[in-house]
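Pasted below: model.txt, compact mmCIF, C-alpha atoms and all ligand atoms.
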```
# COMPACT_ATOMS: atom_id res chain seq x y z
CA MET S 229 -80.96 -13.98 50.62
CA ASN S 230 -82.97 -10.74 51.04
CA THR S 231 -82.77 -7.80 48.66
CA ARG S 232 -80.46 -5.77 50.89
CA SER S 233 -77.87 -8.53 51.15
CA LYS S 234 -78.14 -9.16 47.35
CA ILE S 235 -77.27 -5.48 46.66
CA ALA S 236 -74.36 -5.69 49.14
CA THR S 237 -72.95 -8.79 47.35
CA ALA S 238 -73.30 -7.14 43.93
CA ARG S 239 -71.45 -4.01 45.21
CA LEU S 240 -68.67 -6.22 46.57
CA SER S 241 -68.34 -8.01 43.20
CA LEU S 242 -68.20 -4.71 41.30
CA THR S 243 -65.60 -3.35 43.71
CA SER S 244 -63.52 -6.52 43.35
CA LEU S 245 -63.79 -6.36 39.54
CA PHE S 246 -62.75 -2.71 39.54
CA ALA S 247 -59.80 -3.48 41.88
CA LEU S 248 -58.77 -6.35 39.64
CA LEU S 249 -58.89 -4.16 36.51
CA LEU S 250 -56.89 -1.43 38.25
CA THR S 251 -54.25 -3.94 39.34
CA LEU S 252 -53.98 -5.32 35.80
CA LEU S 253 -53.68 -1.82 34.37
CA VAL S 254 -50.95 -0.84 36.82
CA LEU S 255 -49.07 -4.06 36.03
CA ALA S 256 -49.55 -3.65 32.29
CA LEU S 257 -48.26 -0.05 32.11
CA PRO S 258 -44.51 -0.73 32.49
CA LEU S 259 -44.83 -3.73 30.15
CA SER S 260 -46.38 -1.72 27.36
CA GLU S 261 -43.88 1.10 27.87
CA SER S 262 -40.87 -1.19 27.56
CA GLY S 263 -42.48 -2.86 24.58
CA TYR S 264 -42.44 0.33 22.52
CA ALA S 265 -38.86 1.54 22.55
CA GLN S 266 -35.81 2.25 24.58
CA SER S 267 -36.56 4.49 27.53
CA GLY S 268 -34.09 5.71 30.11
CA GLY S 269 -31.48 3.14 29.11
CA VAL S 270 -33.94 0.23 29.10
CA VAL S 271 -33.79 -1.62 25.77
CA PRO S 272 -36.45 -3.84 24.29
CA GLY S 273 -34.28 -6.92 24.73
CA ASN S 274 -34.81 -6.65 28.44
CA THR S 275 -38.47 -7.65 28.11
CA GLN S 276 -37.41 -11.07 26.91
CA GLY S 277 -35.29 -11.46 29.98
CA THR S 278 -32.57 -13.23 28.00
CA SER S 279 -29.93 -10.57 27.40
CA ALA S 280 -28.45 -7.63 29.24
CA ASP S 281 -28.55 -4.14 27.74
CA SER S 282 -24.77 -4.04 27.52
CA ASP S 283 -24.68 -7.28 25.49
CA PHE S 284 -27.34 -5.92 23.21
CA TRP S 285 -25.49 -2.66 22.48
CA ARG S 286 -22.13 -4.43 22.24
CA GLU S 287 -23.50 -6.60 19.45
CA ILE S 288 -24.78 -3.54 17.60
CA ARG S 289 -21.45 -1.74 18.07
CA ARG S 290 -19.68 -4.81 16.68
CA GLY S 291 -21.78 -4.47 13.56
CA LYS S 292 -24.25 -7.32 14.05
CA GLN S 293 -26.84 -7.24 11.30
CA GLY S 294 -30.52 -7.54 12.21
CA THR S 295 -33.37 -8.26 9.83
CA VAL S 296 -35.45 -5.66 8.02
CA SER S 297 -38.44 -6.02 5.71
CA ILE S 298 -37.31 -3.34 3.22
CA PRO S 299 -35.32 -4.41 0.11
CA ASP S 300 -32.03 -2.91 1.38
CA LYS S 301 -31.02 -5.67 3.81
CA GLN S 302 -27.92 -3.71 4.82
CA ALA S 303 -30.20 -1.24 6.61
CA GLY S 304 -30.51 -3.94 9.28
CA GLN S 305 -26.98 -3.05 10.38
CA LEU S 306 -27.15 0.00 12.62
CA ILE S 307 -23.40 0.58 13.07
CA GLN S 308 -20.64 -0.44 10.62
CA SER S 309 -17.80 -0.66 13.05
CA GLU S 310 -15.28 -1.68 10.39
CA GLY S 311 -15.97 1.68 8.70
CA ASP S 312 -14.04 3.31 11.53
CA SER S 313 -10.98 1.18 10.81
CA TRP S 314 -11.29 1.87 7.09
CA ARG S 315 -11.46 5.64 7.63
CA ALA S 316 -8.56 5.55 10.09
CA ILE S 317 -6.34 3.68 7.59
CA ARG S 318 -7.41 5.79 4.62
CA ASN S 319 -6.94 9.17 6.30
CA GLY S 320 -3.97 8.01 8.37
CA PRO S 321 -1.13 5.75 7.24
CA MET S 322 -2.31 5.44 3.64
CA VAL S 323 -2.34 9.12 2.72
CA THR S 324 0.76 9.76 4.84
CA TRP S 325 2.89 6.96 3.40
CA GLY S 326 1.50 7.53 -0.08
CA GLY S 327 2.46 11.19 0.12
CA TRP S 328 5.97 10.31 1.26
CA ALA S 329 6.31 7.76 -1.55
CA LEU S 330 5.44 10.40 -4.16
CA PHE S 331 7.66 13.10 -2.64
CA GLY S 332 10.43 10.49 -2.21
CA THR S 333 10.23 9.55 -5.90
CA ILE S 334 10.38 13.19 -7.01
CA ALA S 335 13.30 13.83 -4.63
CA LEU S 336 15.21 10.79 -5.96
CA LEU S 337 14.64 11.88 -9.56
CA ALA S 338 15.86 15.39 -8.71
CA LEU S 339 18.92 13.87 -7.02
CA PHE S 340 19.57 11.67 -10.05
CA TYR S 341 19.27 14.66 -12.36
CA ALA S 342 21.63 16.68 -10.17
CA GLY S 343 24.22 13.90 -10.20
CA ARG S 344 23.94 12.52 -13.73
CA GLY S 345 22.36 15.37 -15.66
CA ARG S 346 20.49 14.67 -18.88
CA ILE S 347 21.67 11.41 -20.41
CA ALA S 348 23.11 12.54 -23.73
CA ILE S 349 23.47 10.77 -27.08
CA GLU S 350 27.19 10.27 -26.52
CA SER S 351 28.14 9.87 -30.18
CA GLY S 352 26.02 12.90 -31.09
CA ARG S 353 23.01 12.94 -33.38
CA SER S 354 23.65 11.22 -36.70
CA GLY S 355 20.89 13.02 -38.55
CA ARG S 356 19.50 9.67 -39.73
CA THR S 357 16.35 8.33 -38.15
CA LEU S 358 14.75 4.92 -37.66
CA GLU S 359 11.08 4.23 -37.16
CA ARG S 360 10.70 3.18 -33.52
CA PHE S 361 6.89 3.15 -33.13
CA THR S 362 4.10 3.20 -35.71
CA ASP S 363 1.23 5.70 -35.61
CA PHE S 364 -1.01 3.01 -34.12
CA GLU S 365 1.47 2.21 -31.35
CA ARG S 366 1.87 5.87 -30.48
CA MET S 367 -1.87 6.41 -30.50
CA SER S 368 -2.31 3.44 -28.12
CA HIS S 369 0.42 4.79 -25.82
CA TRP S 370 -1.10 8.26 -25.69
CA ILE S 371 -4.64 6.95 -25.06
CA LEU S 372 -3.18 5.11 -22.08
CA ALA S 373 -0.94 7.97 -20.98
CA VAL S 374 -3.45 10.83 -21.22
CA SER S 375 -6.21 8.87 -19.49
CA PHE S 376 -3.77 7.75 -16.79
CA ILE S 377 -2.56 11.30 -16.13
CA VAL S 378 -6.13 12.63 -15.78
CA LEU S 379 -7.06 9.65 -13.57
CA ALA S 380 -3.98 10.25 -11.43
CA ILE S 381 -4.66 13.98 -10.97
CA THR S 382 -8.38 13.51 -10.19
CA GLY S 383 -7.62 10.53 -7.94
CA LEU S 384 -4.96 12.45 -5.99
CA ASN S 385 -7.48 15.26 -5.58
CA MET S 386 -9.87 12.79 -3.94
CA LEU S 387 -7.16 11.71 -1.49
CA TYR S 388 -5.29 14.95 -0.84
CA GLY S 389 -7.46 17.78 -2.22
CA LYS S 390 -9.27 18.29 1.08
CA TYR S 391 -5.94 19.11 2.76
CA ALA S 392 -4.01 20.72 -0.11
CA ILE S 393 -6.54 22.48 -2.35
CA MET S 394 -9.69 23.20 -0.33
CA PRO S 395 -7.97 25.62 2.09
CA ILE S 396 -6.71 27.62 -0.92
CA VAL S 397 -9.75 27.74 -3.25
CA GLY S 398 -12.53 27.42 -0.65
CA ASP S 399 -15.08 24.65 -0.18
CA GLN S 400 -17.55 25.76 -2.90
CA ALA S 401 -14.96 25.83 -5.70
CA PHE S 402 -13.35 22.65 -4.37
CA SER S 403 -16.69 20.88 -4.39
CA SER S 404 -17.39 21.84 -8.05
CA VAL S 405 -13.89 20.88 -9.19
CA THR S 406 -14.03 17.57 -7.33
CA ALA S 407 -17.48 16.69 -8.72
CA LEU S 408 -16.15 17.31 -12.26
CA GLY S 409 -13.00 15.34 -11.42
CA LYS S 410 -15.03 12.41 -10.14
CA TRP S 411 -17.06 12.38 -13.36
CA LEU S 412 -13.88 12.45 -15.48
CA HIS S 413 -12.36 9.73 -13.29
CA ASN S 414 -15.34 7.42 -13.85
CA PHE S 415 -15.45 7.86 -17.62
CA LEU S 416 -11.74 8.05 -18.52
CA ALA S 417 -11.26 4.73 -16.74
CA PHE S 418 -12.66 3.14 -19.91
CA GLY S 419 -10.02 4.91 -22.06
CA PHE S 420 -7.34 3.65 -19.71
CA VAL S 421 -8.53 0.05 -20.05
CA LEU S 422 -8.63 0.42 -23.85
CA GLY S 423 -5.05 1.78 -23.92
CA LEU S 424 -3.92 -1.01 -21.61
CA VAL S 425 -5.37 -3.73 -23.84
CA LEU S 426 -3.89 -2.13 -26.98
CA ILE S 427 -0.33 -1.79 -25.66
CA PHE S 428 -0.47 -5.26 -24.16
CA LEU S 429 -1.45 -6.86 -27.47
CA ARG S 430 1.06 -4.77 -29.42
CA TRP S 431 4.13 -5.06 -27.17
CA VAL S 432 3.84 -8.26 -25.15
CA ARG S 433 6.06 -10.23 -27.54
CA HIS S 434 8.88 -7.67 -27.10
CA ASN S 435 8.67 -7.91 -23.31
CA ILE S 436 9.42 -11.57 -22.72
CA PRO S 437 12.50 -11.68 -20.46
CA ASN S 438 15.73 -12.98 -22.03
CA ARG S 439 19.48 -13.43 -21.26
CA GLU S 440 20.47 -9.90 -22.22
CA ASP S 441 18.17 -8.56 -19.51
CA PHE S 442 20.44 -9.98 -16.78
CA VAL S 443 23.46 -8.26 -18.30
CA TRP S 444 21.52 -5.01 -18.59
CA LEU S 445 20.31 -5.22 -14.98
CA ALA S 446 23.78 -6.14 -13.65
CA GLN S 447 25.08 -2.90 -15.18
CA ALA S 448 21.98 -0.92 -14.10
CA GLY S 449 21.46 -0.17 -17.78
CA GLY S 450 24.53 2.05 -17.81
CA LEU S 451 22.30 4.73 -16.30
CA PHE S 452 24.87 5.67 -13.65
CA THR S 453 28.04 5.45 -15.76
CA ARG S 454 28.88 7.47 -18.84
CA GLY S 455 30.08 5.56 -21.90
CA ASN S 456 28.50 2.28 -20.80
CA HIS S 457 25.69 0.98 -23.02
CA PRO S 458 24.68 -2.61 -22.29
CA PRO S 459 23.09 -4.28 -25.33
CA ALA S 460 19.31 -4.47 -25.55
CA ARG S 461 16.61 -5.55 -27.97
CA LYS S 462 13.53 -3.42 -28.76
CA PHE S 463 12.87 -3.00 -25.04
CA ASN S 464 15.61 -3.17 -22.39
CA ALA S 465 15.15 -4.85 -18.98
CA GLY S 466 14.18 -1.54 -17.33
CA GLN S 467 11.44 -1.00 -19.88
CA LYS S 468 10.24 -4.57 -19.49
CA ILE S 469 9.87 -3.97 -15.75
CA VAL S 470 7.88 -0.81 -16.54
CA PHE S 471 5.75 -2.71 -19.07
CA TRP S 472 4.86 -5.56 -16.69
CA MET S 473 4.29 -3.22 -13.77
CA VAL S 474 1.94 -1.17 -15.96
CA ILE S 475 0.05 -4.32 -16.97
CA ILE S 476 -0.15 -5.79 -13.44
CA CYS S 477 -0.99 -2.52 -11.68
CA GLY S 478 -3.30 -1.57 -14.56
CA VAL S 479 -5.33 -4.79 -14.36
CA SER S 480 -5.45 -4.68 -10.57
CA ILE S 481 -6.52 -1.05 -10.46
CA SER S 482 -9.12 -1.64 -13.18
CA LEU S 483 -10.70 -4.57 -11.31
CA SER S 484 -10.87 -2.74 -8.00
CA GLY S 485 -12.21 0.25 -9.98
CA VAL S 486 -15.04 -1.91 -11.34
CA SER S 487 -15.90 -2.88 -7.78
CA LEU S 488 -16.05 0.82 -6.79
CA LEU S 489 -18.01 1.77 -9.90
CA PHE S 490 -20.67 -0.86 -9.22
CA PRO S 491 -20.90 -0.86 -5.40
CA PHE S 492 -21.86 -4.00 -3.47
CA GLN S 493 -22.03 -6.09 -6.67
CA THR S 494 -18.68 -7.88 -6.53
CA THR S 495 -16.97 -10.34 -4.21
CA MET S 496 -13.44 -10.00 -5.57
CA PHE S 497 -11.64 -10.00 -2.22
CA ALA S 498 -13.52 -13.00 -0.89
CA ASP S 499 -12.86 -14.81 -4.20
CA THR S 500 -9.18 -13.87 -4.16
CA SER S 501 -8.86 -15.07 -0.54
CA ALA S 502 -10.54 -18.35 -1.42
CA PHE S 503 -8.18 -18.79 -4.36
CA LEU S 504 -5.11 -18.01 -2.23
CA ASN S 505 -6.31 -20.45 0.45
CA SER S 506 -6.78 -23.12 -2.21
CA ILE S 507 -3.14 -22.82 -3.35
CA GLY S 508 -1.84 -23.07 0.21
CA PHE S 509 -1.50 -19.45 1.28
CA ALA S 510 -2.32 -18.27 4.80
CA ASN S 511 -5.81 -18.58 6.20
CA MET S 512 -7.33 -15.62 4.35
CA PRO S 513 -10.86 -14.45 5.31
CA THR S 514 -13.48 -15.60 2.82
CA GLU S 515 -16.60 -14.42 4.66
CA LEU S 516 -16.68 -10.73 3.84
CA THR S 517 -19.72 -8.48 4.03
CA PRO S 518 -20.49 -6.32 0.96
CA MET S 519 -19.35 -3.31 2.98
CA GLN S 520 -16.00 -4.93 3.83
CA GLU S 521 -15.56 -5.70 0.13
CA MET S 522 -16.05 -1.99 -0.61
CA HIS S 523 -13.57 -0.90 2.05
CA LEU S 524 -10.91 -3.30 0.80
CA SER S 525 -11.51 -2.31 -2.83
CA GLN S 526 -11.11 1.35 -1.97
CA LEU S 527 -7.90 0.82 0.02
CA TRP S 528 -6.40 -1.51 -2.59
CA HIS S 529 -7.34 0.82 -5.47
CA SER S 530 -5.62 3.75 -3.75
CA VAL S 531 -2.48 1.89 -2.65
CA VAL S 532 -1.92 0.41 -6.13
CA ALA S 533 -2.59 3.83 -7.67
CA LEU S 534 0.03 5.49 -5.45
CA VAL S 535 2.68 2.88 -6.35
CA PHE S 536 1.69 3.17 -10.01
CA ILE S 537 1.97 6.99 -9.99
CA ALA S 538 5.43 6.81 -8.39
CA LEU S 539 6.55 4.39 -11.13
CA ILE S 540 5.10 6.54 -13.91
CA LEU S 541 6.79 9.68 -12.55
CA ALA S 542 10.12 7.92 -13.12
CA HIS S 543 8.98 6.74 -16.57
CA ILE S 544 7.90 10.23 -17.63
CA TYR S 545 11.19 11.66 -16.41
CA ILE S 546 13.35 9.24 -18.41
CA GLY S 547 11.07 9.45 -21.46
CA SER S 548 11.31 13.25 -21.60
CA MET S 549 13.84 15.53 -19.88
CA GLY S 550 15.97 12.70 -18.45
CA MET S 551 17.31 11.30 -21.73
CA GLU S 552 18.20 13.11 -24.93
CA GLY S 553 16.36 11.73 -27.97
CA ALA S 554 13.97 9.47 -26.01
CA PHE S 555 10.79 11.53 -26.43
CA ASP S 556 11.05 11.38 -30.26
CA ALA S 557 10.10 7.69 -30.05
CA MET S 558 6.63 8.62 -28.82
CA GLY S 559 6.57 12.07 -30.46
CA SER S 560 7.28 11.59 -34.17
CA GLY S 561 7.93 7.86 -33.91
CA GLN S 562 11.40 8.41 -35.49
CA VAL S 563 14.52 8.13 -33.34
CA ASP S 564 18.07 9.09 -34.17
CA ALA S 565 20.14 6.10 -35.35
CA ASN S 566 22.90 6.86 -32.83
CA TRP S 567 20.40 6.97 -29.96
CA ALA S 568 19.05 3.62 -31.12
CA LYS S 569 22.54 2.08 -31.33
CA GLU S 570 23.45 3.28 -27.85
CA HIS S 571 20.28 2.14 -26.11
CA HIS S 572 18.95 -0.73 -28.25
CA SER S 573 21.95 -2.09 -30.15
CA ILE S 574 20.56 -5.62 -30.71
CA TRP S 575 17.30 -4.16 -32.04
CA VAL S 576 19.27 -2.09 -34.60
CA GLU S 577 21.32 -5.17 -35.61
CA GLU S 578 18.10 -7.15 -36.05
CA LEU S 579 16.69 -4.41 -38.29
CA GLU S 580 19.89 -4.33 -40.33
CA ARG S 581 19.88 -8.11 -40.74
CA SER S 582 16.26 -8.15 -41.82
CA GLY S 583 16.98 -5.39 -44.34
CA ASP S 584 14.27 -3.36 -42.66
CA LEU S 585 16.51 -0.35 -42.25
CA PRO S 586 16.24 1.89 -45.32
CA ASP S 587 18.15 4.74 -43.74
CA ALA S 588 21.05 2.50 -42.77
CA LYS S 589 21.27 1.14 -46.32
CA ALA S 590 21.21 4.63 -47.70
CA ALA S 591 24.00 5.59 -45.33
CA ALA S 592 26.17 2.77 -46.72
CA GLN S 593 26.32 4.67 -50.06
CA PRO S 594 28.69 7.68 -50.04
CA PRO S 595 26.54 10.83 -50.02
CA ALA S 596 26.33 12.49 -53.48
CA GLU S 597 28.44 15.69 -53.67
C1 LIG S 601 3.89 12.61 -20.42
C2 LIG S 601 3.86 11.34 -20.15
C3 LIG S 601 4.65 10.27 -20.84
C4 LIG S 601 5.76 10.35 -21.62
C5 LIG S 601 6.54 11.59 -22.01
C6 LIG S 601 6.09 9.03 -22.06
C7 LIG S 601 7.14 8.70 -22.89
C8 LIG S 601 7.40 7.45 -23.37
C9 LIG S 601 8.41 7.12 -24.32
C10 LIG S 601 9.35 8.13 -24.96
C11 LIG S 601 8.38 5.81 -24.53
C12 LIG S 601 9.24 5.00 -25.52
C13 LIG S 601 10.57 4.62 -24.96
C14 LIG S 601 11.36 3.92 -26.03
O1 LIG S 601 11.56 4.45 -27.08
O2 LIG S 601 11.77 2.79 -25.83
C15 LIG S 601 7.34 5.26 -23.71
C16 LIG S 601 7.02 3.93 -23.61
C17 LIG S 601 6.08 3.42 -22.77
N1 LIG S 601 5.20 4.15 -22.00
FE1 LIG S 601 5.17 6.14 -21.75
N2 LIG S 601 5.21 8.15 -21.50
C18 LIG S 601 4.31 8.87 -20.75
C19 LIG S 601 3.27 8.38 -20.02
C20 LIG S 601 3.00 7.05 -19.86
C21 LIG S 601 2.00 6.52 -19.00
C22 LIG S 601 1.10 7.39 -18.13
C23 LIG S 601 2.04 5.17 -19.11
C24 LIG S 601 1.21 4.13 -18.43
C25 LIG S 601 0.28 4.33 -17.59
C26 LIG S 601 3.09 4.85 -20.04
C27 LIG S 601 3.44 3.58 -20.41
C28 LIG S 601 4.44 3.26 -21.29
C29 LIG S 601 4.87 1.92 -21.59
C30 LIG S 601 4.28 0.65 -20.99
C31 LIG S 601 5.88 2.02 -22.51
C32 LIG S 601 6.70 0.86 -23.11
C33 LIG S 601 7.75 0.40 -22.13
C34 LIG S 601 8.79 1.46 -21.86
O3 LIG S 601 9.30 2.08 -22.79
O4 LIG S 601 9.08 1.69 -20.68
N3 LIG S 601 3.64 6.01 -20.48
N4 LIG S 601 6.76 6.30 -23.02
```

Once more with this new file: its structure as structure tokens, please.
Ligand code: HEM
Amino acid sequence: MNTRSKIATARLSLTSLFALLLTLLVLALPLSESGYAQSGGVVPGNTQGTSADSDFWREIRRGKQGTVSIPDKQAGQLIQSEGDSWRAIRNGPMVTWGGWALFGTIALLALFYAGRGRIAIESGRSGRTLERFTDFERMSHWILAVSFIVLAITGLNMLYGKYAIMPIVGDQAFSSVTALGKWLHNFLAFGFVLGLVLIFLRWVRHNIPNREDFVWLAQAGGLFTRGNHPPARKFNAGQKIVFWMVIICGVSISLSGVSLLFPFQTTMFADTSAFLNSIGFANMPTELTPMQEMHLSQLWHSVVALVFIALILAHIYIGSMGMEGAFDAMGSGQVDANWAKEHHSIWVEELERSGDLPDAKAAAQPPAE
């Protein structure tokens, strides 16, 4: 081959190489573009050729969790779809039905008051008193009661304040009040648990159901009929219901509160479902994500709280303005003997039999002129 034809061959090779490089570059451009990120509706999954864009996004919308290298593994979930359901239930039926339950309870109590009036001590005050609760019992009750009332008010503010208070006081003031309320709510929860434990230990033995409770319930405690006082021991059947509801709701609300106080640390709903399944209940879900646990805890905590508040409204009514002489039991600890005989006749008889009734003994002597 002469020099001229050698140069021509070399030019041809260079041209071919250049053409080849250009072709590769043109082919590589769309590949590298799709490899970086979504562009114009094209998602990275497409490059694999195994899934359609719609499948890819559907999975994300359904809350599928991917993998991430940072410590917070939940960041691998781009959309928590169940959060939508949680918000819809919380801001929809729950606050609506809860509100109606509270208004309904207040309306029923007002109706009861209008029809029955204040339940009087029918035989009048005797002037003699009996010790109903010791200082320690009253202290335990008030630790429970005061913490509960603050928890109830601050909790209701979290559910309803946005609708009922914020439009009146403005968002700045509402935000400060709610932040303080949230702080009180977190810390007074411990006082509530303390009060709950104390009253449980102190009163559980008086709250075991017995025969007289059926009689008391059959006559609705004489609450609707004047002159009717079914016999009762230290606590009547109505009070026993209040006691056990306070314990059950109190424990339940405290446990779900722990789950809210220490987010993503507990698996109480999955555990409860597994337990219920094991004793033959329906097929409850046991595979719950930490986020689902939080949603369920929040809903459960609020629903139990609303039922609890409705119950306590009735309790506060009957323990104060609804019944003459009742508040003294938790005020001074001393109740009028006639009140005690009308509402807790067996308890008074027991005290008399045990000789633990100094005032009654004194009354047996004719008063000195
Ligand atoms: C201002 C609020 C409250 C008042 C005026 C009040 C009043 C009373 C009174 C007078 C008694 C004694 C009844 C008797 O002599 O037999 C009592 C008992 C009791 N209280 Fe309260 N209370 C209040 C709040 C609460 C709260 C918030 C709770 C629980 C969260 C509670 C739980 C109980 C329990 C479990 C008993 C014993 C069972 C019963 O008598 O029903 N109280 N209360």

For range 384-392 of chain S, find every residue with an atom within 8 Å (counting all atoms listed in the file), except residues of its own chain fewer than 2 positions away, and show them as a VMD selection string. chain S and resid 323 380 to 382 394 to 396 402 406

Next, the residues of the selection above should be written as a JSON list (two decimals), in the frame of the given file with C-alpha atoms.
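Written file, selection34.json:
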```
[["chain", "number", "residue", "atom", "x", "y", "z"],
["S", 323, "VAL", "CA", -2.34, 9.12, 2.72],
["S", 380, "ALA", "CA", -3.98, 10.25, -11.43],
["S", 381, "ILE", "CA", -4.66, 13.98, -10.97],
["S", 382, "THR", "CA", -8.38, 13.51, -10.19],
["S", 394, "MET", "CA", -9.69, 23.20, -0.33],
["S", 395, "PRO", "CA", -7.97, 25.62, 2.09],
["S", 396, "ILE", "CA", -6.71, 27.62, -0.92],
["S", 402, "PHE", "CA", -13.35, 22.65, -4.37],
["S", 406, "THR", "CA", -14.03, 17.57, -7.33]]
```

Residues within 6 Å of ligand LIG 601 (chain S), counting only C-alpha atoms and all ligand atoms, as JSON, numbers by chain: {"S": [372, 373, 376, 377, 463, 467, 470, 471, 474, 540, 544, 547, 548, 554, 555, 557, 558]}

Give the answer as one residue: which of S:Ala568, S:Cys477, S:Ile393, S:Ile307 has the shortest atom-to-atom distance to Leu424 in chain S, using all atoms listed in the file? S:Cys477

Spatial neighbours of Trp444 in chain S, max dist 12 Å, only C-alpha atoms, sep filter under 3 positions, as a VMD selection string: chain S and resid 437 to 441 447 to 451 456 to 461 463 to 468 571 to 573

Shell around Trp567 in chain S at 9 Å using all atoms listed in the file, local window under 3 positions removed, as a ChimeraX atom specification: /S:348-354,552-554,563-564,570-572

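Atom pair CA of Phe364 in chain S / CA of Trp431 in chain S has a distance of 11.8 Å (rounded to one decimal).
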
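For the set S:Ile288, S:Met519, S:Ala446, S:Ile481, the residue with the smallest atom-to-atom gap to Ala417 in chain S is S:Ile481, counting all atoms listed in the file.
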
Edge lengths and centre, in Å to one decimal, as lines of an AutoDock Vina configuration file: that's what I need for the box along x, y and z that holds all listed atoms of range 421-427 of chain S plus 8 Å on each side.
```
center_x = -4.5
center_y = -1.0
center_z = -23.5
size_x = 24.3
size_y = 21.5
size_z = 22.9
```

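Excluding Thr495 in chain S itself and same-chain residues fewer than 2 positions from it, the residues having an atom within 10 Å of it are Ser487, Phe492, Gln493, Phe497, Ala498, Asp499, Thr500, Thr514, Glu515, Leu516, Thr517, Pro518, Gln520, Glu521, Met522 and Ser525 of chain S, counting only C-alpha atoms.
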
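Coordinates place CA of Asn414 in chain S at a distance of 25.7 Å from CA of Arg430 in chain S.
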
Which one is closest to Leu539 in chain S: S:Val486, S:Met473, S:Leu426, S:Val443? Count all atoms listed in the file. S:Met473

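Between Gly326 in chain S and the residues S:Val576, S:Leu541, S:Val535, S:Ile546, the shortest atom-to-atom distance, using all atoms listed in the file, involves S:Val535.
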
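Nearest to Ala538 in chain S of all the residues S:Thr333, S:Gln293, S:Thr453, S:Gln562 is S:Thr333, counting only C-alpha atoms.
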